[in-house]
file run32.pdb (PDB, C-alpha atoms and all ligand atoms)
ATOM      1  CA  MET W  21      54.080 -28.796   7.756  1.00  0.00           C
ATOM      2  CA  ASN W  22      56.486 -28.088  10.582  1.00  0.00           C
ATOM      3  CA  ARG W  23      59.260 -25.581  10.258  1.00  0.00           C
ATOM      4  CA  GLN W  24      61.006 -22.708  11.875  1.00  0.00           C
ATOM      5  CA  ILE W  25      59.791 -19.424  10.392  1.00  0.00           C
ATOM      6  CA  ALA W  26      61.745 -16.941  12.460  1.00  0.00           C
ATOM      7  CA  ALA W  27      64.475 -16.646  15.055  1.00  0.00           C
ATOM      8  CA  GLY W  28      64.497 -13.303  16.769  1.00  0.00           C
ATOM      9  CA  ALA W  29      66.687 -11.955  19.526  1.00  0.00           C
ATOM     10  CA  GLU W  30      64.688 -13.755  22.180  1.00  0.00           C
ATOM     11  CA  ALA W  31      62.471 -16.376  20.643  1.00  0.00           C
ATOM     12  CA  VAL W  32      62.193 -19.082  18.012  1.00  0.00           C
ATOM     13  CA  ILE W  33      58.964 -19.286  16.028  1.00  0.00           C
ATOM     14  CA  GLU W  34      57.915 -22.622  14.564  1.00  0.00           C
ATOM     15  CA  ARG W  35      54.911 -23.234  12.382  1.00  0.00           C
ATOM     16  CA  TYR W  36      52.724 -26.344  12.622  1.00  0.00           C
ATOM     17  CA  ASP W  37      49.958 -26.038  10.010  1.00  0.00           C
ATOM     18  CA  ASP W  38      47.633 -23.286  11.226  1.00  0.00           C
ATOM     19  CA  ARG W  39      49.497 -22.739  14.499  1.00  0.00           C
ATOM     20  CA  VAL W  40      52.769 -21.262  15.587  1.00  0.00           C
ATOM     21  CA  ILE W  41      54.746 -21.880  18.728  1.00  0.00           C
ATOM     22  CA  LYS W  42      56.781 -18.966  20.034  1.00  0.00           C
ATOM     23  CA  ARG W  43      59.425 -20.315  22.405  1.00  0.00           C
ATOM     24  CA  ARG W  44      61.761 -18.069  24.346  1.00  0.00           C
ATOM     25  CA  VAL W  45      65.272 -19.461  24.272  1.00  0.00           C
ATOM     26  CA  VAL W  46      68.034 -19.468  26.882  1.00  0.00           C
ATOM     27  CA  LYS W  47      70.205 -16.349  26.996  1.00  0.00           C
ATOM     28  CA  ASN W  48      73.621 -17.367  28.256  1.00  0.00           C
ATOM     29  CA  TYR W  49      74.616 -13.842  29.227  1.00  0.00           C
ATOM     30  CA  ARG W  50      71.984 -13.935  31.988  1.00  0.00           C
ATOM     31  CA  ILE W  51      72.391 -15.622  35.350  1.00  0.00           C
ATOM     32  CA  PRO W  52      70.499 -18.939  34.893  1.00  0.00           C
ATOM     33  CA  GLU W  53      67.851 -18.412  37.627  1.00  0.00           C
ATOM     34  CA  LEU W  54      67.199 -14.896  36.393  1.00  0.00           C
ATOM     35  CA  ASP W  55      67.034 -16.108  32.790  1.00  0.00           C
ATOM     36  CA  THR W  56      64.375 -18.668  33.692  1.00  0.00           C
ATOM     37  CA  ARG W  57      62.361 -16.046  35.543  1.00  0.00           C
ATOM     38  CA  ILE W  58      62.569 -13.494  32.741  1.00  0.00           C
ATOM     39  CA  ARG W  59      61.496 -16.021  30.103  1.00  0.00           C
ATOM     40  CA  ALA W  60      58.582 -17.209  32.223  1.00  0.00           C
ATOM     41  CA  SER W  61      57.355 -13.719  33.030  1.00  0.00           C
ATOM     42  CA  ARG W  62      57.664 -12.425  29.449  1.00  0.00           C
ATOM     43  CA  THR W  63      55.800 -15.483  28.185  1.00  0.00           C
ATOM     44  CA  ARG W  64      52.958 -14.981  30.656  1.00  0.00           C
ATOM     45  CA  ASN W  65      52.933 -11.234  30.055  1.00  0.00           C
ATOM     46  CA  GLU W  66      52.820 -11.602  26.274  1.00  0.00           C
ATOM     47  CA  ALA W  67      49.959 -14.115  26.344  1.00  0.00           C
ATOM     48  CA  LYS W  68      47.942 -11.908  28.689  1.00  0.00           C
ATOM     49  CA  LEU W  69      48.405  -8.783  26.559  1.00  0.00           C
ATOM     50  CA  ILE W  70      47.601 -10.589  23.288  1.00  0.00           C
ATOM     51  CA  SER W  71      44.286 -11.730  24.783  1.00  0.00           C
ATOM     52  CA  GLU W  72      43.555  -8.368  26.381  1.00  0.00           C
ATOM     53  CA  ALA W  73      44.227  -6.464  23.136  1.00  0.00           C
ATOM     54  CA  ARG W  74      41.865  -8.748  21.293  1.00  0.00           C
ATOM     55  CA  ARG W  75      39.185  -8.108  23.894  1.00  0.00           C
ATOM     56  CA  CYS W  76      39.422  -4.391  23.241  1.00  0.00           C
ATOM     57  CA  GLY W  77      38.951  -4.807  19.504  1.00  0.00           C
ATOM     58  CA  VAL W  78      42.500  -5.049  18.199  1.00  0.00           C
ATOM     59  CA  PRO W  79      43.115  -8.131  16.016  1.00  0.00           C
ATOM     60  CA  THR W  80      45.732 -10.457  17.536  1.00  0.00           C
ATOM     61  CA  PRO W  81      46.379 -14.208  17.196  1.00  0.00           C
ATOM     62  CA  ILE W  82      44.095 -16.516  19.174  1.00  0.00           C
ATOM     63  CA  ILE W  83      46.069 -18.064  22.039  1.00  0.00           C
ATOM     64  CA  TYR W  84      45.737 -21.855  22.267  1.00  0.00           C
ATOM     65  CA  ASP W  85      48.184 -22.659  25.008  1.00  0.00           C
ATOM     66  CA  VAL W  86      50.680 -21.033  27.368  1.00  0.00           C
ATOM     67  CA  ASP W  87      53.402 -23.272  28.767  1.00  0.00           C
ATOM     68  CA  THR W  88      55.465 -21.343  31.304  1.00  0.00           C
ATOM     69  CA  ALA W  89      57.743 -24.311  32.028  1.00  0.00           C
ATOM     70  CA  GLU W  90      58.656 -24.513  28.323  1.00  0.00           C
ATOM     71  CA  HIS W  91      58.409 -20.725  27.909  1.00  0.00           C
ATOM     72  CA  ALA W  92      56.177 -21.332  24.921  1.00  0.00           C
ATOM     73  CA  ILE W  93      52.993 -19.799  23.567  1.00  0.00           C
ATOM     74  CA  THR W  94      50.952 -21.733  21.010  1.00  0.00           C
ATOM     75  CA  MET W  95      48.864 -19.367  18.915  1.00  0.00           C
ATOM     76  CA  GLU W  96      47.036 -18.932  15.652  1.00  0.00           C
ATOM     77  CA  PHE W  97      49.237 -18.598  12.565  1.00  0.00           C
ATOM     78  CA  ILE W  98      48.438 -15.284  10.861  1.00  0.00           C
ATOM     79  CA  GLU W  99      48.786 -15.475   7.091  1.00  0.00           C
ATOM     80  CA  GLY W 100      50.013 -12.462   5.155  1.00  0.00           C
ATOM     81  CA  PRO W 101      52.848 -10.009   4.643  1.00  0.00           C
ATOM     82  CA  ARG W 102      54.260  -7.871   7.399  1.00  0.00           C
ATOM     83  CA  LEU W 103      53.269  -4.214   7.181  1.00  0.00           C
ATOM     84  CA  LYS W 104      56.947  -3.511   6.608  1.00  0.00           C
ATOM     85  CA  GLU W 105      56.483  -4.923   3.100  1.00  0.00           C
ATOM     86  CA  VAL W 106      53.166  -3.318   2.147  1.00  0.00           C
ATOM     87  CA  LEU W 107      52.774  -0.098   4.101  1.00  0.00           C
ATOM     88  CA  ASN W 108      50.798   2.748   2.509  1.00  0.00           C
ATOM     89  CA  LEU W 109      48.867   5.781   3.725  1.00  0.00           C
ATOM     90  CA  HIS W 110      45.549   3.973   3.973  1.00  0.00           C
ATOM     91  CA  LEU W 111      47.004   1.120   6.055  1.00  0.00           C
ATOM     92  CA  CYS W 112      48.825   3.637   8.179  1.00  0.00           C
ATOM     93  CA  GLU W 113      45.554   5.328   9.062  1.00  0.00           C
ATOM     94  CA  GLU W 114      44.153   1.944  10.065  1.00  0.00           C
ATOM     95  CA  ILE W 115      47.197   1.300  12.262  1.00  0.00           C
ATOM     96  CA  GLY W 116      46.461   4.652  13.912  1.00  0.00           C
ATOM     97  CA  GLU W 117      42.893   3.596  14.690  1.00  0.00           C
ATOM     98  CA  LEU W 118      44.029   0.308  16.198  1.00  0.00           C
ATOM     99  CA  VAL W 119      46.796   1.846  18.309  1.00  0.00           C
ATOM    100  CA  GLY W 120      44.181   4.358  19.498  1.00  0.00           C
ATOM    101  CA  ARG W 121      42.013   1.488  20.672  1.00  0.00           C
ATOM    102  CA  LEU W 122      44.956  -0.198  22.362  1.00  0.00           C
ATOM    103  CA  HIS W 123      45.848   2.994  24.223  1.00  0.00           C
ATOM    104  CA  SER W 124      42.203   3.638  25.154  1.00  0.00           C
ATOM    105  CA  CYS W 125      42.281   0.247  26.864  1.00  0.00           C
ATOM    106  CA  GLY W 126      45.452   1.143  28.767  1.00  0.00           C
ATOM    107  CA  ILE W 127      47.710  -1.199  26.800  1.00  0.00           C
ATOM    108  CA  ILE W 128      51.207  -0.216  25.654  1.00  0.00           C
ATOM    109  CA  HIS W 129      52.554  -2.499  22.922  1.00  0.00           C
ATOM    110  CA  GLY W 130      56.186  -1.798  23.751  1.00  0.00           C
ATOM    111  CA  ASP W 131      57.701  -2.628  20.352  1.00  0.00           C
ATOM    112  CA  LEU W 132      55.524  -1.005  17.702  1.00  0.00           C
ATOM    113  CA  THR W 133      57.369  -1.597  14.458  1.00  0.00           C
ATOM    114  CA  THR W 134      56.012  -2.520  11.036  1.00  0.00           C
ATOM    115  CA  SER W 135      57.608  -5.981  11.486  1.00  0.00           C
ATOM    116  CA  ASN W 136      55.216  -6.694  14.347  1.00  0.00           C
ATOM    117  CA  LEU W 137      52.085  -6.001  12.288  1.00  0.00           C
ATOM    118  CA  ILE W 138      50.702  -8.497   9.757  1.00  0.00           C
ATOM    119  CA  LYS W 139      48.224  -7.650   6.996  1.00  0.00           C
ATOM    120  CA  ASN W 140      45.730 -10.480   7.001  1.00  0.00           C
ATOM    121  CA  ASP W 141      42.412 -10.799   5.161  1.00  0.00           C
ATOM    122  CA  GLY W 142      41.505  -7.123   5.128  1.00  0.00           C
ATOM    123  CA  ARG W 143      42.592  -6.542   8.698  1.00  0.00           C
ATOM    124  CA  ILE W 144      45.796  -5.683  10.496  1.00  0.00           C
ATOM    125  CA  CYS W 145      46.911  -8.112  13.152  1.00  0.00           C
ATOM    126  CA  PHE W 146      49.201  -7.087  16.036  1.00  0.00           C
ATOM    127  CA  ILE W 147      51.821  -9.570  17.273  1.00  0.00           C
ATOM    128  CA  ASP W 148      54.856  -9.583  19.582  1.00  0.00           C
ATOM    129  CA  PHE W 149      53.599  -8.107  22.865  1.00  0.00           C
ATOM    130  CA  GLY W 150      56.586  -9.466  24.818  1.00  0.00           C
ATOM    131  CA  LEU W 151      57.654  -5.967  25.896  1.00  0.00           C
ATOM    132  CA  GLY W 152      54.124  -4.672  26.433  1.00  0.00           C
ATOM    133  CA  TYR W 153      52.549  -3.488  29.677  1.00  0.00           C
ATOM    134  CA  PHE W 154      49.513  -1.775  31.126  1.00  0.00           C
ATOM    135  CA  ASP W 155      49.911   1.980  31.490  1.00  0.00           C
ATOM    136  CA  LYS W 156      47.625   4.950  30.809  1.00  0.00           C
ATOM    137  CA  SER W 157      50.271   7.660  31.061  1.00  0.00           C
ATOM    138  CA  VAL W 158      50.813  10.131  28.224  1.00  0.00           C
ATOM    139  CA  GLU W 159      54.553   9.460  28.419  1.00  0.00           C
ATOM    140  CA  ALA W 160      54.201   5.686  27.872  1.00  0.00           C
ATOM    141  CA  GLN W 161      51.754   6.238  25.014  1.00  0.00           C
ATOM    142  CA  GLY W 162      54.024   8.888  23.520  1.00  0.00           C
ATOM    143  CA  VAL W 163      57.038   6.585  23.558  1.00  0.00           C
ATOM    144  CA  ASP W 164      54.950   3.812  21.964  1.00  0.00           C
ATOM    145  CA  VAL W 165      53.971   6.094  19.063  1.00  0.00           C
ATOM    146  CA  HIS W 166      57.485   7.553  18.838  1.00  0.00           C
ATOM    147  CA  VAL W 167      58.961   4.075  18.259  1.00  0.00           C
ATOM    148  CA  LEU W 168      56.527   3.519  15.379  1.00  0.00           C
ATOM    149  CA  PHE W 169      57.284   6.921  13.844  1.00  0.00           C
ATOM    150  CA  GLN W 170      60.981   6.071  13.953  1.00  0.00           C
ATOM    151  CA  THR W 171      60.370   2.974  11.826  1.00  0.00           C
ATOM    152  CA  PHE W 172      58.456   5.162   9.342  1.00  0.00           C
ATOM    153  CA  VAL W 173      61.501   7.391   9.003  1.00  0.00           C
ATOM    154  CA  SER W 174      64.159   4.668   8.978  1.00  0.00           C
ATOM    155  CA  THR W 175      62.512   1.969   6.867  1.00  0.00           C
ATOM    156  CA  HIS W 176      59.827   3.686   4.808  1.00  0.00           C
ATOM    157  CA  SER W 177      61.025   7.276   4.252  1.00  0.00           C
ATOM    158  CA  ASP W 178      57.574   8.232   3.085  1.00  0.00           C
ATOM    159  CA  SER W 179      56.294  11.605   4.139  1.00  0.00           C
ATOM    160  CA  GLY W 180      52.644  11.629   5.058  1.00  0.00           C
ATOM    161  CA  LEU W 181      52.730   8.388   7.063  1.00  0.00           C
ATOM    162  CA  GLU W 182      52.743  10.216  10.404  1.00  0.00           C
ATOM    163  CA  GLY W 183      49.834  12.391   9.313  1.00  0.00           C
ATOM    164  CA  ALA W 184      47.834   9.368   8.170  1.00  0.00           C
ATOM    165  CA  PHE W 185      48.547   7.538  11.436  1.00  0.00           C
ATOM    166  CA  SER W 186      47.483  10.603  13.434  1.00  0.00           C
ATOM    167  CA  ARG W 187      44.144  10.892  11.598  1.00  0.00           C
ATOM    168  CA  GLY W 188      43.258   7.315  12.547  1.00  0.00           C
ATOM    169  CA  TYR W 189      44.625   7.664  16.078  1.00  0.00           C
ATOM    170  CA  LYS W 190      42.467  10.735  16.767  1.00  0.00           C
ATOM    171  CA  ARG W 191      39.383   8.911  15.573  1.00  0.00           C
ATOM    172  CA  THR W 192      39.560   6.227  18.252  1.00  0.00           C
ATOM    173  CA  PHE W 193      41.430   7.848  21.114  1.00  0.00           C
ATOM    174  CA  ALA W 194      40.196  10.875  23.078  1.00  0.00           C
ATOM    175  CA  ASP W 195      43.674  11.871  24.372  1.00  0.00           C
ATOM    176  CA  ALA W 196      45.328  11.617  20.949  1.00  0.00           C
ATOM    177  CA  ASP W 197      46.241  15.311  20.628  1.00  0.00           C
ATOM    178  CA  GLN W 198      47.981  15.329  23.982  1.00  0.00           C
ATOM    179  CA  VAL W 199      49.959  12.193  23.105  1.00  0.00           C
ATOM    180  CA  LEU W 200      50.958  13.501  19.662  1.00  0.00           C
ATOM    181  CA  ALA W 201      52.218  16.706  21.285  1.00  0.00           C
ATOM    182  CA  ARG W 202      54.274  14.551  23.662  1.00  0.00           C
ATOM    183  CA  VAL W 203      55.719  12.634  20.694  1.00  0.00           C
ATOM    184  CA  ARG W 204      57.048  15.938  19.341  1.00  0.00           C
ATOM    185  CA  GLU W 205      58.603  16.663  22.745  1.00  0.00           C
ATOM    186  CA  ILE W 206      60.220  13.218  22.816  1.00  0.00           C
ATOM    187  CA  GLU W 207      61.651  13.805  19.331  1.00  0.00           C
ATOM    188  CA  ALA W 208      63.051  17.165  20.453  1.00  0.00           C
ATOM    189  CA  ARG W 209      64.633  15.562  23.534  1.00  0.00           C
ATOM    190  CA  GLY W 210      66.324  13.046  21.230  1.00  0.00           C
ATOM    191  CA  ARG W 211      67.781  15.820  19.089  1.00  0.00           C
ATOM    192  CA  TYR W 212      69.380  17.655  22.022  1.00  0.00           C
ATOM    193  CA  LEU W 213      70.800  14.659  23.855  1.00  0.00           C
TER     194      LEU W 213
HETATM  195  N1  LIG K 301      51.150 -15.680  15.085  1.00  0.00           N
HETATM  196  C1  LIG K 301      51.979 -15.507  14.061  1.00  0.00           C
HETATM  197  N2  LIG K 301      51.553 -15.701  12.788  1.00  0.00           N
HETATM  198  C2  LIG K 301      52.407 -15.511  11.750  1.00  0.00           C
HETATM  199  N3  LIG K 301      53.700 -15.144  11.861  1.00  0.00           N
HETATM  200  C3  LIG K 301      54.178 -14.937  13.109  1.00  0.00           C
HETATM  201  C4  LIG K 301      53.360 -15.092  14.269  1.00  0.00           C
HETATM  202  N4  LIG K 301      54.105 -14.833  15.356  1.00  0.00           N
HETATM  203  C5  LIG K 301      55.319 -14.510  14.903  1.00  0.00           C
HETATM  204  N5  LIG K 301      55.379 -14.575  13.553  1.00  0.00           N
HETATM  205  C6  LIG K 301      56.554 -14.297  12.684  1.00  0.00           C
HETATM  206  O1  LIG K 301      57.739 -14.449  13.432  1.00  0.00           O
HETATM  207  C7  LIG K 301      58.446 -13.188  13.534  1.00  0.00           C
HETATM  208  C8  LIG K 301      59.032 -13.050  14.930  1.00  0.00           C
HETATM  209  O2  LIG K 301      57.980 -13.129  15.916  1.00  0.00           O
HETATM  210  P1  LIG K 301      57.861 -12.066  17.077  1.00  0.00           P
HETATM  211  O3  LIG K 301      56.703 -12.446  17.933  1.00  0.00           O
HETATM  212  O4  LIG K 301      57.848 -10.703  16.491  1.00  0.00           O
HETATM  213  O5  LIG K 301      59.191 -12.365  17.891  1.00  0.00           O
HETATM  214  P2  LIG K 301      60.456 -11.459  18.252  1.00  0.00           P
HETATM  215  O6  LIG K 301      60.226 -11.061  19.680  1.00  0.00           O
HETATM  216  O7  LIG K 301      61.610 -12.374  18.085  1.00  0.00           O
HETATM  217  O8  LIG K 301      60.474 -10.283  17.315  1.00  0.00           O
HETATM  218  C9  LIG K 301      57.407 -12.126  13.187  1.00  0.00           C
HETATM  219  O9  LIG K 301      57.994 -10.956  12.661  1.00  0.00           O
HETATM  220  C10 LIG K 301      56.538 -12.857  12.186  1.00  0.00           C
HETATM  221  O10 LIG K 301      57.127 -12.810  10.900  1.00  0.00           O
HETATM  222 MG    MG K 302      59.006  -9.002  16.544  1.00  0.00          MG
END

call {"tool": "encode", "arguments": {"input": "run32.pdb", "output": "structure tokens", "more": "lines below"}}
Ligand SMILES: Nc1ncnc2c1ncn2[C@@H]1O[C@H](COP(=O)(O)OP(=O)(O)O)[C@@H](O)[C@H]1O
Ligand SMILES: [Mg+2]
result
Amino acid sequence: MNRQIAAGAEAVIERYDDRVIKRRVVKNYRIPELDTRIRASRTRNEAKLISEARRCGVPTPIIYDVDTAEHAITMEFIEGPRLKEVLNLHLCEEIGELVGRLHSCGIIHGDLTTSNLIKNDGRICFIDFGLGYFDKSVEAQGVDVHVLFQTFVSTHSDSGLEGAFSRGYKRTFADADQVLARVREIEARGRYL
């Protein structure tokens, strides 16, 4: 089997049996030299963060190859629905635990939405670290959680999801209370802008 399974804003994802290749495509609105540099650095950055997250106990695809000339990452294909399709309170609590581990390790995902989480074999797998970075600040962690909470409101409209996330998050992350307080501040800032 060999087919394209997704085409996002930045990348094309093709599946080859149990592998996928994520290839960042040319963006014509960028100056060519800059475009090449951005694609290469995001590719390297994403591969590094996927491996690092896995090392700190957060399920991510196994990386098989990183080709910076082709701007392509070959990784494990993760079977299963996106959390967007199957989210419930129990899974939300598990997401909280995993994000707590990620933040404990100093990793910011950068695009925490329920489309970037796949439910696979009794575990939740994190993908799409292209906008991720290393940062231990409360502000960066707060923004990371805020982005996720926004997808709860806009695509799931289920009350209780934030509470369930927070229970899991507090279980694995010592600074959770401080970050959750910052999330409320960030929400308030948004309201008065
Ligand atoms: N390793 C993978 N296993 C299974 N599906 C994947 C994998 N990587 C990406 N996908 C699918 O492709 C989509 C887009 O990939 P993603 O890495 O999120 O790129 P983008 O930056 O374009 O959002 C995902 O939402 C998911 O459905
Ligand atoms: Mg994505």

call {"tool": "atom_distance", "arguments": {"input": "run32.pdb", "atom1": "CA of Glu34 in chain W", "atom2": "CA of Thr80 in chain W"}}
result
17.5 Å

call {"tool": "atom_distance", "arguments": {"input": "run32.pdb", "atom1": "atom O5 of ligand LIG 301 (chain K)", "atom2": "CA of Ala67 in chain W"}}
result
12.6 Å

call {"tool": "residues_near_ligand", "arguments": {"input": "run32.pdb", "ligand": "ligand LIG 301 (chain K)", "cutoff": "7 Å", "atoms": "all atoms listed in the file", "output": "list of chain:residue names"}}
result
W:Ile25, W:Ala26, W:Ala27, W:Gly28, W:Ala29, W:Glu30, W:Ala31, W:Val32, W:Ile33, W:Val40, W:Lys42, W:Pro81, W:Met95, W:Glu96, W:Phe97, W:Ile98, W:Glu99, W:Arg102, W:Ser135, W:Asn136, W:Ile147, W:Asp148, W:Gly150

call {"tool": "resolve_selection", "arguments": {"input": "run32.pdb", "expression": "the PyMOL selection byres (((chain W and resi 107) around 12) and not hetatm)", "output": "PyMOL selection string"}}
result
chain W and resi 101-106+108-115+133-135+137-139+144+171-172+175-178+180-181+184-185

call {"tool": "residues_around", "arguments": {"input": "run32.pdb", "residues": "range 116-122 of chain W", "least_positions_apart": "4", "cutoff": "7 Å", "atoms": "all atoms listed in the file", "output": "PyMOL selection string"}}
result
chain W and resi 73+76+78+112+126-127+185-186+188-189+191-193

call {"tool": "atom_distance", "arguments": {"input": "run32.pdb", "atom1": "CA of Leu151 in chain W", "atom2": "CA of Arg187 in chain W"}}
result
25.9 Å

call {"tool": "residues_around", "arguments": {"input": "run32.pdb", "residues": "range 57-61 of chain W", "least_positions_apart": "6", "cutoff": "9 Å", "atoms": "all atoms listed in the file", "output": "short mmCIF file (atom, residue, chain, number, x, y, z; two decimals) with C-alpha atoms, keeping the file's coordinate frame"}}
result
data_model
loop_
_atom_site.label_atom_id
_atom_site.label_comp_id
_atom_site.auth_asym_id
_atom_site.auth_seq_id
_atom_site.Cartn_x
_atom_site.Cartn_y
_atom_site.Cartn_z
CA GLU W 30 64.69 -13.76 22.18
CA ARG W 44 61.76 -18.07 24.35
CA VAL W 45 65.27 -19.46 24.27
CA VAL W 46 68.03 -19.47 26.88
CA ASP W 87 53.40 -23.27 28.77
CA THR W 88 55.46 -21.34 31.30
CA ALA W 89 57.74 -24.31 32.03
CA GLU W 90 58.66 -24.51 28.32
CA HIS W 91 58.41 -20.72 27.91
CA ALA W 92 56.18 -21.33 24.92
#

call {"tool": "closest_residue", "arguments": {"input": "run32.pdb", "among": "W:Pro79, W:Asp197, W:Ala160, W:Phe169", "to": "Cys145 in chain W", "atoms": "all atoms listed in the file"}}
result
W:Pro79

call {"tool": "closest_residue", "arguments": {"input": "run32.pdb", "among": "W:Asp195, W:Glu207, W:Asp85, W:Glu66", "to": "Phe149 in chain W", "atoms": "all atoms listed in the file"}}
result
W:Glu66

call {"tool": "closest_residue", "arguments": {"input": "run32.pdb", "among": "W:Arg64, W:Thr94, W:Leu54, W:Ile82", "to": "Ile41 in chain W", "atoms": "only C-alpha atoms"}}
result
W:Thr94

call {"tool": "closest_residue", "arguments": {"input": "run32.pdb", "among": "W:Arg204, W:His123, W:His129, W:Arg143", "to": "ligand MG 302 (chain K)", "atoms": "all atoms listed in the file"}}
result
W:His129

call {"tool": "closest_residue", "arguments": {"input": "run32.pdb", "among": "W:Asp131, W:Glu205, W:Asp164, W:Glu159", "to": "ligand MG 302 (chain K)", "atoms": "all atoms listed in the file"}}
result
W:Asp131

call {"tool": "closest_residue", "arguments": {"input": "run32.pdb", "among": "W:Glu53, W:Ile93, W:Asn48, W:Leu132", "to": "ligand MG 302 (chain K)", "atoms": "all atoms listed in the file"}}
result
W:Leu132

call {"tool": "build_atoms", "arguments": {"input": "run32.pdb", "residues": "range 171-190 of chain W", "atoms": "N, CA and C atoms", "output": "tab-separated table (two decimals), keeping the file's coordinate frame"}}
result
chain	number	residue	atom	x	y	z
W	171	THR	N	60.27	3.98	12.90
W	171	THR	CA	60.37	2.97	11.83
W	171	THR	C	59.84	3.57	10.51
W	172	PHE	N	58.91	4.51	10.58
W	172	PHE	CA	58.46	5.16	9.34
W	172	PHE	C	59.63	5.88	8.69
W	173	VAL	N	60.38	6.61	9.51
W	173	VAL	CA	61.50	7.39	9.00
W	173	VAL	C	62.61	6.48	8.50
W	174	SER	N	62.97	5.46	9.31
W	174	SER	CA	64.16	4.67	8.98
W	174	SER	C	63.90	3.62	7.91
W	175	THR	N	62.69	3.04	7.86
W	175	THR	CA	62.51	1.97	6.87
W	175	THR	C	61.52	2.30	5.76
W	176	HIS	N	60.82	3.40	5.86
W	176	HIS	CA	59.83	3.69	4.81
W	176	HIS	C	60.04	5.03	4.11
W	177	SER	N	60.67	5.97	4.81
W	177	SER	CA	61.02	7.28	4.25
W	177	SER	C	59.91	7.91	3.42
W	178	ASP	N	58.69	7.65	3.81
W	178	ASP	CA	57.57	8.23	3.08
W	178	ASP	C	56.96	9.34	3.93
W	179	SER	N	56.94	10.54	3.39
W	179	SER	CA	56.29	11.60	4.14
W	179	SER	C	54.80	11.37	4.06
W	180	GLY	N	54.10	11.83	5.06
W	180	GLY	CA	52.64	11.63	5.06
W	180	GLY	C	52.20	10.48	5.92
W	181	LEU	N	53.12	9.55	6.25
W	181	LEU	CA	52.73	8.39	7.06
W	181	LEU	C	52.32	8.82	8.47
W	182	GLU	N	53.08	9.76	9.05
W	182	GLU	CA	52.74	10.22	10.40
W	182	GLU	C	51.39	10.90	10.43
W	183	GLY	N	51.12	11.70	9.41
W	183	GLY	CA	49.83	12.39	9.31
W	183	GLY	C	48.69	11.40	9.19
W	184	ALA	N	48.88	10.38	8.37
W	184	ALA	CA	47.83	9.37	8.17
W	184	ALA	C	47.59	8.61	9.47
W	185	PHE	N	48.68	8.22	10.15
W	185	PHE	CA	48.55	7.54	11.44
W	185	PHE	C	47.74	8.41	12.39
W	186	SER	N	48.11	9.69	12.47
W	186	SER	CA	47.48	10.60	13.43
W	186	SER	C	45.98	10.76	13.18
W	187	ARG	N	45.58	10.80	11.92
W	187	ARG	CA	44.14	10.89	11.60
W	187	ARG	C	43.38	9.71	12.19
W	188	GLY	N	43.91	8.51	12.01
W	188	GLY	CA	43.26	7.32	12.55
W	188	GLY	C	43.28	7.30	14.07
W	189	TYR	N	44.42	7.68	14.62
W	189	TYR	CA	44.62	7.66	16.08
W	189	TYR	C	43.63	8.59	16.77
W	190	LYS	N	43.40	9.77	16.17
W	190	LYS	CA	42.47	10.74	16.77
W	190	LYS	C	41.03	10.25	16.71
